[in-house]
Amino acid sequence: MQNMLLSLLIWLPILGGGLVILLGNERATMARWMSLAIAILVFVMSLSLWTGFDSSTHLMQFVEKSAWITQFNINYHIGVDGISMPLIILTTFSTVLVIGAGWEVIQKRPAHYMAAFLMMEGLIIGVFSALDGILFYTFWEASLIPMLLIVGIWGGDNRIYAAIKFFLYTFLGSVFMLISLIYMYNKSGSFSILAWHDLSLTATEQAWIFWAFFVAFAVKVPMFPVHTWLPDAHVQAPTGGSVILAAIMLKMGGYGFFRFSLPITPDASLQFSDVVIVLSLIAVVYIGFVALVQRDMKKLIAYSSISHMGFVTLGVFALFLAYDPQAPEGAFLGLEGAMVQMISHGFISAAMFLVVGVLYDRLHSREISTYGGVINSMPKFTGFAVLFAMANAGLPGTSGFVGEFMVILGAVQANIWYAVLATTTLIVGAAYTLWMVKRVFWGAITNPAVETLDDINGREFSILAILALAVLVIGLYPQPMIEVMHTSIEHLLNQALTSKL
């Protein structure tokens with residue numbers, strides 16, 4: 001069973017999604033229950049990755065390998081380490097939430113809606129576990145299709161524009177990555193990602209490959225200035241689409257930097273680290289101010305995601321400036337902080353979009369001005385909303401603080417001014433988050449429709465309570481998660497700091 005665990009995690013939701021489609025929308029109730037059962041089963045199975053994981057080694061675990069396209073030495077090769085394993089569990093966890101969140105809300109083609117999320121879950125797990133370049137690229141590109149359908153079918157009035165923009169940005173960016181994969185195959189005779197980690201490349205080769213990867217991963221994160229597709233996609237996507245987009249799909253870009261850019265092109269990553277750091281700081285600071293002036297809650301949270309993901313790329317590339325052989329913990333903190341930030345943002349962004357979804361389901365408006373005094377009619381819901389808002393602002397004791405604090409500590413050792421600029425997000429983030437909370441939840445009721453709102457039901461309470469628990473547990477005791485990734489991050493740091501020239 002353990003030897004096939006990853007394959008089951010990948011293919012069970014994909015095939016299960018196919019079965020849900022066969023049930024059809026005429027049997028919507030059965031389709032919903034089957035989707036939920038499959039999602040829960042996959043999540044429970046994914047926990048075996050954690051319980052059976054050996055955190056003392058950086059080597060890939062749960063490895064499966066078999067020939068796929070022998071003519072080009074392409075293999076079905078999968079495995080996980082301390083970097084990919086937490087992201088897979090985050091994926092399976094989030095899928096359960098979005099299927100539960102869309103239980104009553106989605107009345108249009110519910111079977112197809114649930115099936116799209118199941119299939120996307122399997123494809124994204126494939127991205128995080130692929131150890132063959134072509135297999136990685138196949139899963140990477142295939143994961144776009146379910147999200148394109150989710151936005152294009154169940155999205156808002158301008159959904160077609162948002163779906164096409166999302167697809168073109170991410171697809172065209174990935175073309176450059178494919179060219180690099182083929183080049184490294186011609187250079188090494190293999191599509192093995194682990195073999196590429198040891199591939200000797202000249203400075204020029206590294207530079208070209210680095211920028212090819214950068215385009216693909218920067219669009220996915222997304223980094224400034226290729227971030228403009230994200231607000232449109234979030235605003236038009238249904239709540240479940242926004243949750244998976246922010247909680248999981250953005251992390252694919254960050255994961256790409258960890259798995260490809262640092263170990264394969266370490267010298268180019270060092271050479272161009274200043275450029276990436278500047279772009280990251282622009283995202284952290286400038287995009288935070290952009291979020292401050294938004295009137296649409298979804299758009300505000302979307303820009304907030306761009307700002308928070310700027311910490312990920314800052315932590316990844318600040319390691320080169322923070323590294324000191326006498327005190328390597330600065331670089332280490334940056335890398336670990338980036339990973340913690342990705343996991344934390346997955347929970348917080350999911351929670352924030354679900355909060356907006358609860359309000360939208362009741363009044364069909366995302367405009368901040370529509371609300372006011374929600375606490376008077378929805379006190380339980382407001383308690384959850386304020387907790388998640390505080391986590392989004394980086395309140396100590398929540399997961400939102402841990403990753404950002406670790407990245408800032410690493411940035412201090414790289415350059416004090418980088419750290420100062422990064423720290424401004426704690427101020428700006430608190431400003432736009434508290435400003436939204438004040439106008440939506442506090443005070444007297446300003447819209448008579450708000451008086452009629454019903455507080456969250458048992459299903460909504462359960463989903464938000466699970467997320468609240470995750471946010472608090474990571475915020476108060478992040479050590480188990482850090483221990484799992486520690487050895488893999490240490491190995492990656494050594495790879496990144498070893499010149500191939």
# chains A, B, ... in the order shown; residues from 1 in each chain; ligands from 1
call {"tool": "residues_around", "arguments": {"residues": "A:Ala237", "least_positions_apart": "6", "cutoff": "10 Å", "atoms": "only C-alpha atoms", "output": "list in words"}}
result
Met147, Leu148, Leu149, Ile150, Val151, Gly152, Ile153, Trp154, Gly155, Gly156, Asp157, Asn158, Arg159, Ala162, Ala163, Pro231, Val243, Leu245 and Lys298 of chain A
call {"tool": "residues_around", "arguments": {"residues": "stretch 400-402 of chain A", "least_positions_apart": "4", "cutoff": "10 Å", "atoms": "only C-alpha atoms", "output": "list in words"}}
result
His308, Gly337, Val340, Gln341, Met342, Ile343, Ser344, His345, Phe347, Ile348, Phe388, Ala389, Met390, Ala391, Asn392, Ala393, Gly394, Leu395, Pro396, Met406, Val407, Leu426, Val471, Leu472, Ile474, Gly475, Leu476, Tyr477 and Pro478 of chain A
call {"tool": "write_last_selection", "arguments": {"atoms": "N, CA, C and O atoms", "output": "compact mmCIF listing (two decimals), in the first residue's frame"}}
result
# COMPACT_ATOMS: atom_id res chain seq x y z
N HIS A 308 1.36 39.03 0.33
CA HIS A 308 1.86 38.00 1.24
C HIS A 308 2.76 37.00 0.52
O HIS A 308 3.74 36.51 1.10
N GLY A 337 11.20 30.12 6.46
CA GLY A 337 10.10 31.08 6.58
C GLY A 337 9.26 31.12 5.32
O GLY A 337 8.03 31.25 5.39
N VAL A 340 7.02 28.04 5.44
CA VAL A 340 5.96 28.22 6.44
C VAL A 340 4.94 29.23 5.95
O VAL A 340 3.72 29.06 6.14
N GLN A 341 5.42 30.28 5.29
CA GLN A 341 4.51 31.30 4.76
C GLN A 341 3.57 30.71 3.71
O GLN A 341 2.39 31.05 3.66
N MET A 342 4.07 29.81 2.87
CA MET A 342 3.21 29.20 1.86
C MET A 342 2.11 28.38 2.52
O MET A 342 0.94 28.46 2.11
N ILE A 343 2.47 27.59 3.52
CA ILE A 343 1.46 26.76 4.19
C ILE A 343 0.46 27.64 4.94
O ILE A 343 -0.76 27.45 4.84
N SER A 344 0.98 28.62 5.68
CA SER A 344 0.11 29.50 6.45
C SER A 344 -0.84 30.27 5.54
O SER A 344 -2.05 30.36 5.82
N HIS A 345 -0.31 30.82 4.46
CA HIS A 345 -1.15 31.58 3.54
C HIS A 345 -2.23 30.69 2.93
O HIS A 345 -3.34 31.15 2.64
N PHE A 347 -3.93 28.37 4.44
CA PHE A 347 -5.06 28.32 5.38
C PHE A 347 -5.77 29.67 5.48
O PHE A 347 -7.00 29.74 5.45
N ILE A 348 -4.98 30.74 5.60
CA ILE A 348 -5.58 32.05 5.84
C ILE A 348 -6.34 32.55 4.62
O ILE A 348 -7.46 33.07 4.72
N PHE A 388 -9.68 35.49 11.41
CA PHE A 388 -8.97 35.31 10.15
C PHE A 388 -8.39 36.63 9.66
O PHE A 388 -7.30 36.66 9.07
N ALA A 389 -9.11 37.72 9.89
CA ALA A 389 -8.59 39.03 9.49
C ALA A 389 -7.32 39.38 10.27
O ALA A 389 -6.35 39.90 9.72
N MET A 390 -7.32 39.06 11.56
CA MET A 390 -6.14 39.32 12.37
C MET A 390 -4.96 38.45 11.93
O MET A 390 -3.81 38.88 11.91
N ALA A 391 -5.25 37.20 11.57
CA ALA A 391 -4.20 36.32 11.06
C ALA A 391 -3.66 36.87 9.74
O ALA A 391 -2.45 36.82 9.49
N ASN A 392 -4.54 37.39 8.91
CA ASN A 392 -4.11 37.98 7.64
C ASN A 392 -3.22 39.19 7.86
O ASN A 392 -2.33 39.48 7.06
N ALA A 393 -3.45 39.88 8.95
CA ALA A 393 -2.63 41.05 9.29
C ALA A 393 -1.34 40.67 10.01
O ALA A 393 -0.52 41.55 10.32
N GLY A 394 -1.14 39.39 10.30
CA GLY A 394 0.09 38.94 10.93
C GLY A 394 0.09 39.04 12.44
O GLY A 394 1.14 39.29 13.05
N LEU A 395 -1.04 38.84 13.08
CA LEU A 395 -1.13 38.92 14.53
C LEU A 395 -0.33 37.79 15.18
O LEU A 395 -0.50 36.62 14.81
N PRO A 396 0.57 38.08 16.13
CA PRO A 396 1.29 37.01 16.83
C PRO A 396 0.30 36.05 17.49
O PRO A 396 -0.72 36.45 18.05
N MET A 406 9.80 34.92 10.34
CA MET A 406 11.02 34.19 9.97
C MET A 406 11.69 34.81 8.75
O MET A 406 12.92 34.95 8.71
N VAL A 407 10.89 35.20 7.76
CA VAL A 407 11.46 35.83 6.56
C VAL A 407 12.10 37.17 6.92
O VAL A 407 13.19 37.51 6.44
N LEU A 426 3.28 44.62 7.73
CA LEU A 426 2.55 44.40 8.97
C LEU A 426 1.68 45.61 9.30
O LEU A 426 0.60 45.48 9.88
N VAL A 471 -5.15 27.57 11.84
CA VAL A 471 -4.46 28.87 11.94
C VAL A 471 -3.85 29.06 13.33
O VAL A 471 -2.71 29.55 13.47
N LEU A 472 -4.57 28.65 14.36
CA LEU A 472 -4.08 28.83 15.72
C LEU A 472 -3.00 27.82 16.08
O LEU A 472 -2.01 28.16 16.74
N ILE A 474 -0.83 26.27 14.09
CA ILE A 474 0.44 26.63 13.44
C ILE A 474 1.01 27.89 14.07
O ILE A 474 2.23 28.02 14.24
N GLY A 475 0.15 28.82 14.43
CA GLY A 475 0.63 30.06 15.04
C GLY A 475 1.23 29.86 16.41
O GLY A 475 2.21 30.50 16.78
N LEU A 476 0.66 28.95 17.20
CA LEU A 476 1.12 28.73 18.56
C LEU A 476 2.21 27.66 18.67
O LEU A 476 3.05 27.71 19.56
N TYR A 477 2.18 26.68 17.75
CA TYR A 477 3.16 25.58 17.85
C TYR A 477 3.54 25.11 16.44
O TYR A 477 3.10 24.04 15.99
N PRO A 478 4.37 25.88 15.72
CA PRO A 478 4.75 25.52 14.36
C PRO A 478 5.85 24.47 14.28
O PRO A 478 6.20 24.03 13.19
call {"tool": "residues_around", "arguments": {"residues": "A:Phe176", "least_positions_apart": "4", "cutoff": "7 Å", "atoms": "only C-alpha atoms", "output": "PyMOL selection string"}}
result
chain A and resi 180+212-213+216
call {"tool": "write_last_selection", "arguments": {"atoms": "C-alpha atoms", "output": "PDB file, in the first residue's frame"}}
result
ATOM      1  CA  SER A 180      14.335  24.695 -20.655  1.00  0.00           C
ATOM      2  CA  ALA A 212      12.827  30.710 -18.448  1.00  0.00           C
ATOM      3  CA  PHE A 213      11.878  29.151 -15.121  1.00  0.00           C
ATOM      4  CA  ALA A 216       6.722  30.403 -15.507  1.00  0.00           C
TER       5      ALA A 216
END
call {"tool": "residues_around", "arguments": {"residues": "A:Ile466", "least_positions_apart": "4", "cutoff": "12 Å", "atoms": "only C-alpha atoms", "output": "list of chain:residue names"}}
result
A:Phe93, A:Ser94, A:Val96, A:Leu97, A:Gly100, A:Phe347, A:Ile348, A:Ala350, A:Ala351, A:Phe384, A:Phe388, A:Arg459, A:Glu460, A:Phe461, A:Ser462, A:Ala470, A:Val471, A:Leu472, A:Val473
call {"tool": "write_last_selection", "arguments": {"atoms": "N, CA, C and O atoms", "output": "CSV table (one decimal), in the first residue's frame"}}
result
chain,number,residue,atom,x,y,z
A,93,PHE,N,-6.5,18.7,2.1
A,93,PHE,CA,-7.3,19.4,3.2
A,93,PHE,C,-8.2,20.4,2.6
A,93,PHE,O,-9.4,20.5,2.9
A,94,SER,N,-7.6,21.2,1.7
A,94,SER,CA,-8.4,22.3,1.1
A,94,SER,C,-9.5,21.8,0.2
A,94,SER,O,-10.6,22.4,0.1
A,96,VAL,N,-11.3,19.1,0.6
A,96,VAL,CA,-12.5,18.8,1.5
A,96,VAL,C,-13.3,20.0,1.8
A,96,VAL,O,-14.5,20.0,1.7
A,97,LEU,N,-12.6,21.1,2.1
A,97,LEU,CA,-13.3,22.3,2.5
A,97,LEU,C,-14.1,22.9,1.3
A,97,LEU,O,-15.3,23.3,1.5
A,100,GLY,N,-17.2,20.9,0.7
A,100,GLY,CA,-18.2,21.2,1.7
A,100,GLY,C,-18.8,22.6,1.6
A,100,GLY,O,-20.0,22.8,1.8
A,347,PHE,N,-3.9,28.4,4.4
A,347,PHE,CA,-5.1,28.3,5.4
A,347,PHE,C,-5.8,29.7,5.5
A,347,PHE,O,-7.0,29.7,5.4
A,348,ILE,N,-5.0,30.7,5.6
A,348,ILE,CA,-5.6,32.1,5.8
A,348,ILE,C,-6.3,32.6,4.6
A,348,ILE,O,-7.5,33.1,4.7
A,350,ALA,N,-7.6,30.8,2.2
A,350,ALA,CA,-8.9,29.9,2.1
A,350,ALA,C,-9.9,30.5,3.1
A,350,ALA,O,-11.1,30.6,2.7
A,351,ALA,N,-9.6,30.7,4.3
A,351,ALA,CA,-10.5,31.2,5.3
A,351,ALA,C,-11.1,32.6,4.9
A,351,ALA,O,-12.3,32.8,5.0
A,384,PHE,N,-15.3,34.4,13.8
A,384,PHE,CA,-14.4,33.8,12.9
A,384,PHE,C,-13.8,34.8,11.9
A,384,PHE,O,-12.6,34.7,11.7
A,388,PHE,N,-9.7,35.5,11.4
A,388,PHE,CA,-9.0,35.3,10.2
A,388,PHE,C,-8.4,36.6,9.7
A,388,PHE,O,-7.3,36.7,9.1
A,459,ARG,N,-22.9,23.5,9.0
A,459,ARG,CA,-21.9,23.2,8.0
A,459,ARG,C,-20.9,24.3,7.8
A,459,ARG,O,-19.7,24.0,7.9
A,460,GLU,N,-21.4,25.5,7.8
A,460,GLU,CA,-20.4,26.6,7.7
A,460,GLU,C,-19.6,26.8,8.9
A,460,GLU,O,-18.4,27.1,8.9
A,461,PHE,N,-20.2,26.6,10.1
A,461,PHE,CA,-19.5,26.7,11.4
A,461,PHE,C,-18.4,25.7,11.4
A,461,PHE,O,-17.2,26.0,11.8
A,462,SER,N,-18.7,24.4,11.0
A,462,SER,CA,-17.6,23.4,11.0
A,462,SER,C,-16.5,23.7,10.1
A,462,SER,O,-15.3,23.5,10.5
A,470,ALA,N,-6.6,25.3,12.6
A,470,ALA,CA,-5.3,25.2,11.8
A,470,ALA,C,-4.5,26.4,12.0
A,470,ALA,O,-3.3,26.4,12.2
A,471,VAL,N,-5.2,27.6,11.8
A,471,VAL,CA,-4.5,28.9,11.9
A,471,VAL,C,-3.8,29.1,13.3
A,471,VAL,O,-2.7,29.5,13.5
A,472,LEU,N,-4.6,28.7,14.4
A,472,LEU,CA,-4.1,28.8,15.7
A,472,LEU,C,-3.0,27.8,16.1
A,472,LEU,O,-2.0,28.2,16.7
A,473,VAL,N,-3.2,26.6,15.6
A,473,VAL,CA,-2.2,25.5,16.0
A,473,VAL,C,-0.8,25.9,15.4
A,473,VAL,O,0.2,25.8,16.0
call {"tool": "select_by_dssp", "arguments": {"residues": "stretch 71-129 of chain A", "states": "strand (DSSP E)", "output": "list in words"}}
result
Ile74, Asn75, Tyr76, His77, Ile78, Gly79 and Val80 of chain A
call {"tool": "residues_around", "arguments": {"residues": "A:His77", "least_positions_apart": "3", "cutoff": "10 Å", "atoms": "only C-alpha atoms", "output": "count of residues only"}}
result
17
